[in-house]
file start-v7.csv (CSV, C-alpha atoms and all ligand atoms)
chain,number,residue,atom,x,y,z
U,714,MET,CA,-44.3,-40.6,127.2
U,715,LYS,CA,-44.2,-36.9,126.4
U,716,LYS,CA,-42.9,-36.3,122.8
U,717,ILE,CA,-40.6,-33.3,122.5
U,718,GLY,CA,-39.0,-31.9,119.4
U,719,ILE,CA,-35.6,-30.2,119.6
U,720,MET,CA,-34.7,-27.7,116.9
U,721,GLY,CA,-31.0,-27.1,117.2
U,722,GLY,CA,-29.1,-24.5,115.2
U,723,ALA,CA,-26.8,-21.6,115.1
U,724,PHE,CA,-29.8,-19.3,114.6
U,725,ASP,CA,-27.5,-16.5,113.3
U,726,PRO,CA,-30.3,-15.3,112.8
U,727,ILE,CA,-33.4,-17.5,113.3
U,728,HIS,CA,-35.7,-17.3,110.2
U,729,LEU,CA,-38.9,-18.5,108.7
U,730,GLY,CA,-37.4,-21.7,107.4
U,731,HIS,CA,-36.6,-22.8,111.0
U,732,LEU,CA,-40.0,-21.9,112.2
U,733,LEU,CA,-41.9,-23.7,109.4
U,734,ALA,CA,-39.7,-26.8,109.8
U,735,ALA,CA,-40.4,-26.9,113.6
U,736,GLU,CA,-44.2,-26.4,113.0
U,737,ALA,CA,-44.3,-29.1,110.3
U,738,ALA,CA,-42.5,-31.6,112.6
U,739,ARG,CA,-44.7,-30.7,115.6
U,740,GLU,CA,-47.9,-31.2,113.6
U,741,GLN,CA,-47.0,-34.3,111.7
U,742,TYR,CA,-45.5,-36.2,114.6
U,743,HIS,CA,-47.8,-34.9,117.3
U,744,LEU,CA,-45.1,-33.3,119.4
U,745,GLU,CA,-46.2,-31.6,122.6
U,746,GLU,CA,-43.5,-28.9,122.4
U,747,VAL,CA,-40.6,-27.9,120.3
U,748,TRP,CA,-37.5,-26.6,122.1
U,749,PHE,CA,-35.3,-24.2,120.1
U,750,MET,CA,-31.7,-24.7,121.1
U,751,PRO,CA,-29.0,-22.3,119.9
U,752,SER,CA,-25.5,-23.9,119.7
U,753,HIS,CA,-22.5,-22.5,121.4
U,754,ILE,CA,-19.8,-23.5,119.0
U,755,PRO,CA,-21.3,-25.4,116.0
U,756,PRO,CA,-19.5,-28.7,115.4
U,757,HIS,CA,-19.1,-28.4,111.6
U,758,LYS,CA,-19.2,-24.8,110.6
U,759,HIS,CA,-17.8,-21.4,111.5
U,760,GLN,CA,-18.6,-19.9,114.8
U,761,ALA,CA,-21.5,-17.5,114.8
U,762,GLY,CA,-20.6,-13.8,114.4
U,763,VAL,CA,-23.3,-12.8,116.9
U,764,SER,CA,-23.0,-13.7,120.6
U,765,GLY,CA,-24.9,-16.6,122.0
U,766,GLU,CA,-26.9,-14.3,124.2
U,767,GLN,CA,-28.1,-12.3,121.2
U,768,ARG,CA,-28.9,-15.4,119.2
U,769,LEU,CA,-31.0,-16.6,122.1
U,770,GLU,CA,-32.8,-13.3,122.3
U,771,MET,CA,-33.7,-13.5,118.7
U,772,VAL,CA,-35.0,-17.1,119.2
U,773,LYS,CA,-37.1,-15.8,122.1
U,774,ALA,CA,-38.4,-13.0,120.0
U,775,ALA,CA,-39.3,-15.4,117.2
U,776,ILE,CA,-41.3,-17.8,119.3
U,777,GLN,CA,-42.8,-15.6,121.9
U,778,SER,CA,-46.3,-15.8,120.4
U,779,ASN,CA,-46.4,-19.6,120.4
U,780,THR,CA,-46.8,-21.5,123.7
U,781,ASP,CA,-45.8,-24.8,122.0
U,782,PHE,CA,-42.3,-23.4,121.3
U,783,LYS,CA,-39.8,-22.9,124.0
U,784,PRO,CA,-36.1,-21.7,124.1
U,785,LEU,CA,-33.5,-24.0,125.5
U,786,ASP,CA,-30.1,-22.6,126.4
U,787,ILE,CA,-28.4,-25.8,127.6
U,788,GLU,CA,-25.6,-25.7,124.9
U,789,LEU,CA,-24.9,-22.0,125.6
U,790,GLN,CA,-24.7,-22.8,129.3
U,791,ARG,CA,-22.4,-25.8,128.7
U,792,GLY,CA,-20.0,-23.8,126.4
U,793,GLY,CA,-17.4,-25.5,124.2
U,794,VAL,CA,-18.3,-27.3,121.0
U,795,SER,CA,-22.0,-28.3,120.9
U,796,TYR,CA,-22.0,-31.9,120.0
U,797,THR,CA,-25.6,-33.1,119.9
U,798,VAL,CA,-24.7,-36.5,121.5
U,799,ASP,CA,-23.5,-34.7,124.7
U,800,THR,CA,-26.5,-32.5,124.8
U,801,ILE,CA,-29.0,-35.4,124.4
U,802,ARG,CA,-27.2,-37.3,127.2
U,803,GLU,CA,-27.6,-34.2,129.4
U,804,ILE,CA,-31.3,-33.7,128.5
U,805,ARG,CA,-32.0,-37.4,129.2
U,806,SER,CA,-30.3,-37.3,132.6
U,807,ILE,CA,-32.6,-34.3,133.5
U,808,HIS,CA,-35.7,-35.6,131.8
U,809,PRO,CA,-35.6,-39.4,131.6
U,810,ASP,CA,-39.3,-39.5,130.8
U,811,LEU,CA,-39.2,-37.8,127.4
U,812,GLU,CA,-39.3,-39.2,123.9
U,813,LEU,CA,-36.9,-36.9,121.9
U,814,TYR,CA,-37.1,-36.0,118.3
U,815,PHE,CA,-34.2,-33.9,116.8
U,816,ILE,CA,-35.4,-31.8,113.9
U,817,ILE,CA,-33.0,-31.2,111.0
U,818,GLY,CA,-33.0,-29.9,107.4
U,819,ALA,CA,-31.9,-32.1,104.4
U,820,ASP,CA,-28.3,-30.7,104.5
U,821,MET,CA,-27.9,-32.1,108.1
U,822,VAL,CA,-29.6,-35.4,107.3
U,823,ASN,CA,-27.1,-36.1,104.6
U,824,TYR,CA,-24.3,-35.2,107.1
U,825,LEU,CA,-25.5,-37.5,109.9
U,826,PRO,CA,-22.9,-40.2,109.3
U,827,LYS,CA,-20.2,-37.7,110.2
U,828,TRP,CA,-21.9,-36.5,113.5
U,829,GLU,CA,-20.0,-37.2,116.7
U,830,GLY,CA,-21.1,-40.4,118.4
U,831,ILE,CA,-23.8,-41.0,115.8
U,832,GLU,CA,-24.1,-44.7,116.8
U,833,ASP,CA,-25.1,-43.7,120.3
U,834,LEU,CA,-27.1,-40.7,119.3
U,835,ALA,CA,-29.3,-42.7,116.8
U,836,GLY,CA,-30.2,-45.0,119.7
U,837,MET,CA,-31.3,-42.0,121.9
U,838,VAL,CA,-33.4,-39.9,119.5
U,839,ARG,CA,-35.4,-40.1,116.3
U,840,PHE,CA,-34.5,-37.5,113.7
U,841,ILE,CA,-37.2,-35.6,111.8
U,842,GLY,CA,-35.8,-34.6,108.4
U,843,LEU,CA,-37.2,-31.9,106.1
U,844,GLN,CA,-36.5,-31.1,102.5
U,845,ARG,CA,-34.6,-27.9,101.9
U,846,PRO,CA,-33.9,-26.2,98.6
U,847,GLY,CA,-30.3,-26.8,97.5
U,848,SER,CA,-30.0,-30.1,99.4
U,849,PHE,CA,-31.6,-33.3,98.2
U,850,LEU,CA,-32.5,-35.6,101.1
U,851,GLU,CA,-31.2,-39.0,100.1
U,852,LEU,CA,-32.1,-41.6,102.8
U,853,ASP,CA,-30.9,-44.5,100.7
U,854,ALA,CA,-27.4,-43.2,100.8
U,855,LEU,CA,-27.3,-43.5,104.6
U,856,PRO,CA,-26.2,-46.5,106.6
U,857,PRO,CA,-29.2,-48.6,107.6
U,858,PHE,CA,-29.0,-47.8,111.3
U,859,ILE,CA,-29.3,-44.1,110.5
U,860,GLN,CA,-32.1,-44.6,108.0
U,861,GLU,CA,-34.0,-46.4,110.7
U,862,SER,CA,-33.7,-43.4,113.0
U,863,VAL,CA,-34.9,-40.8,110.5
U,864,LEU,CA,-38.6,-39.8,110.0
U,865,LEU,CA,-39.5,-37.5,107.2
U,866,ALA,CA,-41.9,-34.5,107.4
U,867,GLU,CA,-43.2,-32.2,104.7
U,868,MET,CA,-43.0,-28.5,104.7
U,869,PRO,CA,-43.5,-25.8,102.0
U,870,LEU,CA,-40.0,-25.4,100.6
U,871,VAL,CA,-38.4,-22.2,101.8
U,872,ASP,CA,-35.2,-21.0,100.1
U,873,ILE,CA,-34.1,-18.9,103.1
U,874,SER,CA,-30.9,-19.4,105.1
U,875,SER,CA,-29.2,-17.4,107.8
U,876,SER,CA,-26.3,-16.8,105.4
U,877,LEU,CA,-28.6,-15.3,102.8
U,878,ILE,CA,-30.1,-13.0,105.5
U,879,ARG,CA,-26.6,-11.9,106.7
U,880,SER,CA,-25.4,-11.2,103.1
U,881,ARG,CA,-28.6,-9.3,102.2
U,882,LEU,CA,-28.3,-7.1,105.3
U,883,LEU,CA,-24.6,-6.4,104.5
U,884,ALA,CA,-25.7,-5.3,101.0
U,885,GLY,CA,-28.4,-3.1,102.5
U,886,GLN,CA,-31.2,-5.3,101.1
U,887,SER,CA,-34.5,-6.0,102.8
U,888,VAL,CA,-35.0,-9.1,104.9
U,889,ARG,CA,-38.5,-8.2,106.2
U,890,TYR,CA,-40.8,-11.2,106.3
U,891,MET,CA,-37.8,-13.6,106.1
U,892,VAL,CA,-37.7,-13.2,109.8
U,893,PRO,CA,-40.6,-12.5,112.2
U,894,ASP,CA,-41.1,-8.8,112.9
U,895,PRO,CA,-40.0,-9.1,116.6
U,896,VAL,CA,-36.6,-10.5,115.3
U,897,TYR,CA,-36.3,-7.8,112.7
U,898,GLU,CA,-37.0,-5.2,115.4
U,899,TYR,CA,-34.4,-6.8,117.7
U,900,MET,CA,-31.8,-6.7,114.9
U,901,ILE,CA,-32.4,-3.0,114.3
U,902,ARG,CA,-32.4,-2.1,118.0
U,903,SER,CA,-29.1,-4.0,118.6
U,904,GLY,CA,-27.5,-2.9,115.3
U,905,LEU,CA,-26.8,-6.5,114.3
U,906,TYR,CA,-25.3,-7.6,110.9
U,907,GLY,CA,-24.6,-4.0,109.9
U,908,ILE,CA,-28.3,-3.4,109.6
U,909,HIS,CA,-29.6,0.2,109.2
U,910,ALA,CA,-33.3,0.9,109.4
U,1001,LIG,N1,-35.0,-23.1,104.9
U,1001,LIG,C1,-34.9,-24.2,105.6
U,1001,LIG,N2,-35.7,-25.3,105.4
U,1001,LIG,C2,-35.5,-26.4,106.1
U,1001,LIG,N3,-34.6,-26.5,107.1
U,1001,LIG,C3,-33.8,-25.5,107.4
U,1001,LIG,C4,-33.9,-24.3,106.7
U,1001,LIG,N4,-33.0,-23.4,107.2
U,1001,LIG,C5,-32.3,-24.1,108.1
U,1001,LIG,N5,-32.8,-25.3,108.3
U,1001,LIG,C6,-32.4,-26.3,109.3
U,1001,LIG,O1,-32.4,-25.7,110.6
U,1001,LIG,C7,-31.3,-26.2,111.4
U,1001,LIG,C8,-30.5,-25.1,111.9
U,1001,LIG,O2,-30.0,-24.3,110.8
U,1001,LIG,P1,-29.0,-23.1,111.0
U,1001,LIG,O3,-29.3,-22.3,112.3
U,1001,LIG,O4,-27.6,-23.6,110.8
U,1001,LIG,O5,-29.4,-22.2,109.8
U,1001,LIG,P2,-28.9,-22.0,108.3
U,1001,LIG,O6,-29.9,-21.2,107.6
U,1001,LIG,O7,-28.6,-23.4,107.7
U,1001,LIG,O8,-27.6,-21.2,108.6
U,1001,LIG,P3,-26.3,-20.8,107.6
U,1001,LIG,O9,-26.9,-20.3,106.3
U,1001,LIG,O10,-25.6,-19.8,108.4
U,1001,LIG,O11,-25.5,-22.1,107.4
U,1001,LIG,C9,-30.5,-27.1,110.4
U,1001,LIG,O12,-30.9,-28.5,110.7
U,1001,LIG,C10,-30.9,-26.7,109.0
U,1001,LIG,O13,-30.8,-27.8,108.1
U,1002,LIG,O1,-23.0,-33.4,117.0
U,1002,LIG,C1,-22.6,-33.3,115.8
U,1002,LIG,O2,-21.6,-33.8,115.4
U,1002,LIG,C2,-23.3,-32.3,114.9
U,1002,LIG,C3,-22.9,-32.1,113.6
U,1002,LIG,C4,-23.6,-31.2,112.8
U,1002,LIG,C5,-24.7,-30.5,113.4
U,1002,LIG,N1,-25.1,-30.8,114.6
U,1002,LIG,C6,-26.3,-30.1,115.2
U,1002,LIG,O3,-27.3,-30.0,114.3
U,1002,LIG,C7,-28.0,-28.7,114.5
U,1002,LIG,C8,-28.0,-27.9,113.1
U,1002,LIG,O4,-26.6,-27.7,112.8
U,1002,LIG,P1,-26.2,-26.4,112.0
U,1002,LIG,O5,-24.7,-26.5,111.7
U,1002,LIG,O6,-27.0,-26.4,110.7
U,1002,LIG,O7,-26.5,-25.2,112.9
U,1002,LIG,C9,-27.2,-28.0,115.6
U,1002,LIG,O8,-27.9,-28.2,116.8
U,1002,LIG,C10,-25.9,-28.7,115.6
U,1002,LIG,O9,-25.2,-28.7,116.9
U,1002,LIG,C11,-24.5,-31.7,115.4
call {"tool": "encode", "arguments": {"input": "start-v7.csv", "output": "structure tokens"}}
result
Amino acid sequence: MKKIGIMGGAFDPIHLGHLLAAEAAREQYHLEEVWFMPSHIPPHKHQAGVSGEQRLEMVKAAIQSNTDFKPLDIELQRGGVSYTVDTIREIRSIHPDLELYFIIGADMVNYLPKWEGIEDLAGMVRFIGLQRPGSFLELDALPPFIQESVLLAEMPLVDISSSLIRSRLLAGQSVRYMVPDPVYEYMIRSGLYGIHA
């Protein structure tokens, strides 16, 4: 069966932490592709300030040079709150032949017990969890059925978040090299996050 990684997020904006996490998961679990999937309305945090279309454009700009990485707009197309369990059901109905791996940072691993329909979701995907500065990944604290569905991958720790990037831009500070150049150029062209070149 073809092994596919799914990297879901608000991507407001996409940054190096997301890309390194996806690449680490791809390499360590021999995934054929990783699909980058911007959420429409995130289940557990404030809605993105930037439109879905623009977040998708930034994702495309970030991954354009890598044929193993693909954009997936299924949650933007569906609209509403982007519960992962609904998305995975939809993907499985379109591609019943895939083995799905959902890639998440440590903050989200610790939060898994609160995910909508986690009992069903844990039976449909494996999660690949990555350490992230500021969130200690504690598998032992999770219920056994969730522990069994989580695989761990190693990546160089990267203390970058979308909120850091947004606040730096608002303060007129540089975010170059925290996002790939094509994303930086897109943000300037579109005047996102109050950026000025
Ligand atoms: N630096 C990082 N290292 C590892 N994983 C990360 C990193 N940044 C984000 N992730 C993971 O990527 C996924 C999508 O993250 P998201 O798009 O919400 O970015 P974020 O940087 O966490 O955003 P924000 O700062 O706005 O909350 C989540 O599973 C998150 O844990
Ligand atoms: O389905 C849920 O209940 C759920 C709860 C928290 C996060 N998620 C998904 O996990 C991914 C990362 O979430 P976030 O909030 O860090 O962007 C994104 O695809 C979210 O839709 C999903």
call {"tool": "atom_distance", "arguments": {"input": "start-v7.csv", "atom1": "atom CA of U:Phe724", "atom2": "atom CA of U:Pro826"}}
result
22.6 Å
call {"tool": "residues_near_ligand", "arguments": {"input": "start-v7.csv", "ligand": "ligand LIG 1001 (chain U)", "cutoff": "7 Å", "atoms": "all atoms listed in the file", "output": "PyMOL selection string"}}
result
chain U and resi 720-725+727+730-731+734+816-821+843-845+870-877
call {"tool": "residues_near_ligand", "arguments": {"input": "start-v7.csv", "ligand": "ligand LIG 1002 (chain U)", "cutoff": "9 Å", "atoms": "only C-alpha atoms and all ligand atoms", "output": "JSON, numbers by chain"}}
result
{"U": [719, 720, 721, 722, 723, 724, 725, 750, 751, 752, 753, 754, 755, 756, 757, 758, 759, 788, 794, 795, 796, 797, 798, 799, 800, 815, 816, 817, 818, 820, 821, 824, 825, 826, 827, 828, 829, 830, 831, 834]}
call {"tool": "write_last_selection", "arguments": {"input": "start-v7.csv", "atoms": "C-alpha atoms", "output": "CSV table (one decimal), keeping the file's coordinate frame"}}
result
chain,number,residue,atom,x,y,z
U,719,ILE,CA,-35.6,-30.2,119.6
U,720,MET,CA,-34.7,-27.7,116.9
U,721,GLY,CA,-31.0,-27.1,117.2
U,722,GLY,CA,-29.1,-24.5,115.2
U,723,ALA,CA,-26.8,-21.6,115.1
U,724,PHE,CA,-29.8,-19.3,114.6
U,725,ASP,CA,-27.5,-16.5,113.3
U,750,MET,CA,-31.7,-24.7,121.1
U,751,PRO,CA,-29.0,-22.3,119.9
U,752,SER,CA,-25.5,-23.9,119.7
U,753,HIS,CA,-22.5,-22.5,121.4
U,754,ILE,CA,-19.8,-23.5,119.0
U,755,PRO,CA,-21.3,-25.4,116.0
U,756,PRO,CA,-19.5,-28.7,115.4
U,757,HIS,CA,-19.1,-28.4,111.6
U,758,LYS,CA,-19.2,-24.8,110.6
U,759,HIS,CA,-17.8,-21.4,111.5
U,788,GLU,CA,-25.6,-25.7,124.9
U,794,VAL,CA,-18.3,-27.3,121.0
U,795,SER,CA,-22.0,-28.3,120.9
U,796,TYR,CA,-22.0,-31.9,120.0
U,797,THR,CA,-25.6,-33.1,119.9
U,798,VAL,CA,-24.7,-36.5,121.5
U,799,ASP,CA,-23.5,-34.7,124.7
U,800,THR,CA,-26.5,-32.5,124.8
U,815,PHE,CA,-34.2,-33.9,116.8
U,816,ILE,CA,-35.4,-31.8,113.9
U,817,ILE,CA,-33.0,-31.2,111.0
U,818,GLY,CA,-33.0,-29.9,107.4
U,820,ASP,CA,-28.3,-30.7,104.5
U,821,MET,CA,-27.9,-32.1,108.1
U,824,TYR,CA,-24.3,-35.2,107.1
U,825,LEU,CA,-25.5,-37.5,109.9
U,826,PRO,CA,-22.9,-40.2,109.3
U,827,LYS,CA,-20.2,-37.7,110.2
U,828,TRP,CA,-21.9,-36.5,113.5
U,829,GLU,CA,-20.0,-37.2,116.7
U,830,GLY,CA,-21.1,-40.4,118.4
U,831,ILE,CA,-23.8,-41.0,115.8
U,834,LEU,CA,-27.1,-40.7,119.3
call {"tool": "atom_distance", "arguments": {"input": "start-v7.csv", "atom1": "atom CA of U:Arg802", "atom2": "atom CA of U:Met837"}}
result
8.2 Å
call {"tool": "closest_residue", "arguments": {"input": "start-v7.csv", "among": "U:Ser764, U:Met714, U:Glu770, U:Glu861", "to": "U:Tyr897", "atoms": "only C-alpha atoms"}}
result
U:Glu770
call {"tool": "atom_distance", "arguments": {"input": "start-v7.csv", "atom1": "atom CA of U:Ile717", "atom2": "atom CA of U:Pro784"}}
result
12.5 Å
call {"tool": "closest_residue", "arguments": {"input": "start-v7.csv", "among": "U:Leu855, U:Ala761, U:Ala735, U:Ala774", "to": "U:Pro893", "atoms": "all atoms listed in the file"}}
result
U:Ala774
call {"tool": "closest_residue", "arguments": {"input": "start-v7.csv", "among": "U:Val892, U:Leu785, U:Ile901, U:Leu732", "to": "U:Trp748", "atoms": "all atoms listed in the file"}}
result
U:Leu785
call {"tool": "build_atoms", "arguments": {"input": "start-v7.csv", "residues": "stretch 808-819 of chain U", "atoms": "N, CA and C atoms", "output": "PDB file, keeping the file's coordinate frame"}}
result
ATOM      1  N   HIS U 808     -34.358 -35.240 132.147  1.00  0.00           N
ATOM      2  CA  HIS U 808     -35.700 -35.600 131.800  1.00  0.00           C
ATOM      3  C   HIS U 808     -35.761 -37.063 131.275  1.00  0.00           C
ATOM      4  N   PRO U 809     -35.618 -38.082 132.126  1.00  0.00           N
ATOM      5  CA  PRO U 809     -35.600 -39.400 131.600  1.00  0.00           C
ATOM      6  C   PRO U 809     -36.887 -39.910 130.992  1.00  0.00           C
ATOM      7  N   ASP U 810     -37.944 -39.132 131.233  1.00  0.00           N
ATOM      8  CA  ASP U 810     -39.300 -39.500 130.800  1.00  0.00           C
ATOM      9  C   ASP U 810     -39.712 -39.014 129.472  1.00  0.00           C
ATOM     10  N   LEU U 811     -38.799 -38.398 128.725  1.00  0.00           N
ATOM     11  CA  LEU U 811     -39.200 -37.800 127.400  1.00  0.00           C
ATOM     12  C   LEU U 811     -38.800 -38.645 126.251  1.00  0.00           C
ATOM     13  N   GLU U 812     -39.629 -38.572 125.185  1.00  0.00           N
ATOM     14  CA  GLU U 812     -39.300 -39.200 123.900  1.00  0.00           C
ATOM     15  C   GLU U 812     -38.757 -38.028 123.036  1.00  0.00           C
ATOM     16  N   LEU U 813     -37.509 -38.089 122.595  1.00  0.00           N
ATOM     17  CA  LEU U 813     -36.900 -36.900 121.900  1.00  0.00           C
ATOM     18  C   LEU U 813     -36.796 -37.077 120.430  1.00  0.00           C
ATOM     19  N   TYR U 814     -37.157 -36.018 119.721  1.00  0.00           N
ATOM     20  CA  TYR U 814     -37.100 -36.000 118.300  1.00  0.00           C
ATOM     21  C   TYR U 814     -36.234 -34.776 117.870  1.00  0.00           C
ATOM     22  N   PHE U 815     -35.145 -35.023 117.150  1.00  0.00           N
ATOM     23  CA  PHE U 815     -34.200 -33.900 116.800  1.00  0.00           C
ATOM     24  C   PHE U 815     -34.553 -33.529 115.325  1.00  0.00           C
ATOM     25  N   ILE U 816     -34.938 -32.269 115.156  1.00  0.00           N
ATOM     26  CA  ILE U 816     -35.400 -31.800 113.900  1.00  0.00           C
ATOM     27  C   ILE U 816     -34.298 -31.182 113.044  1.00  0.00           C
ATOM     28  N   ILE U 817     -34.137 -31.662 111.800  1.00  0.00           N
ATOM     29  CA  ILE U 817     -33.000 -31.200 111.000  1.00  0.00           C
ATOM     30  C   ILE U 817     -33.431 -31.028 109.503  1.00  0.00           C
ATOM     31  N   GLY U 818     -32.777 -30.103 108.832  1.00  0.00           N
ATOM     32  CA  GLY U 818     -33.000 -29.900 107.400  1.00  0.00           C
ATOM     33  C   GLY U 818     -32.174 -30.962 106.613  1.00  0.00           C
ATOM     34  N   ALA U 819     -32.476 -31.051 105.303  1.00  0.00           N
ATOM     35  CA  ALA U 819     -31.900 -32.100 104.400  1.00  0.00           C
ATOM     36  C   ALA U 819     -30.353 -32.047 104.456  1.00  0.00           C
TER      37      ALA U 819
END
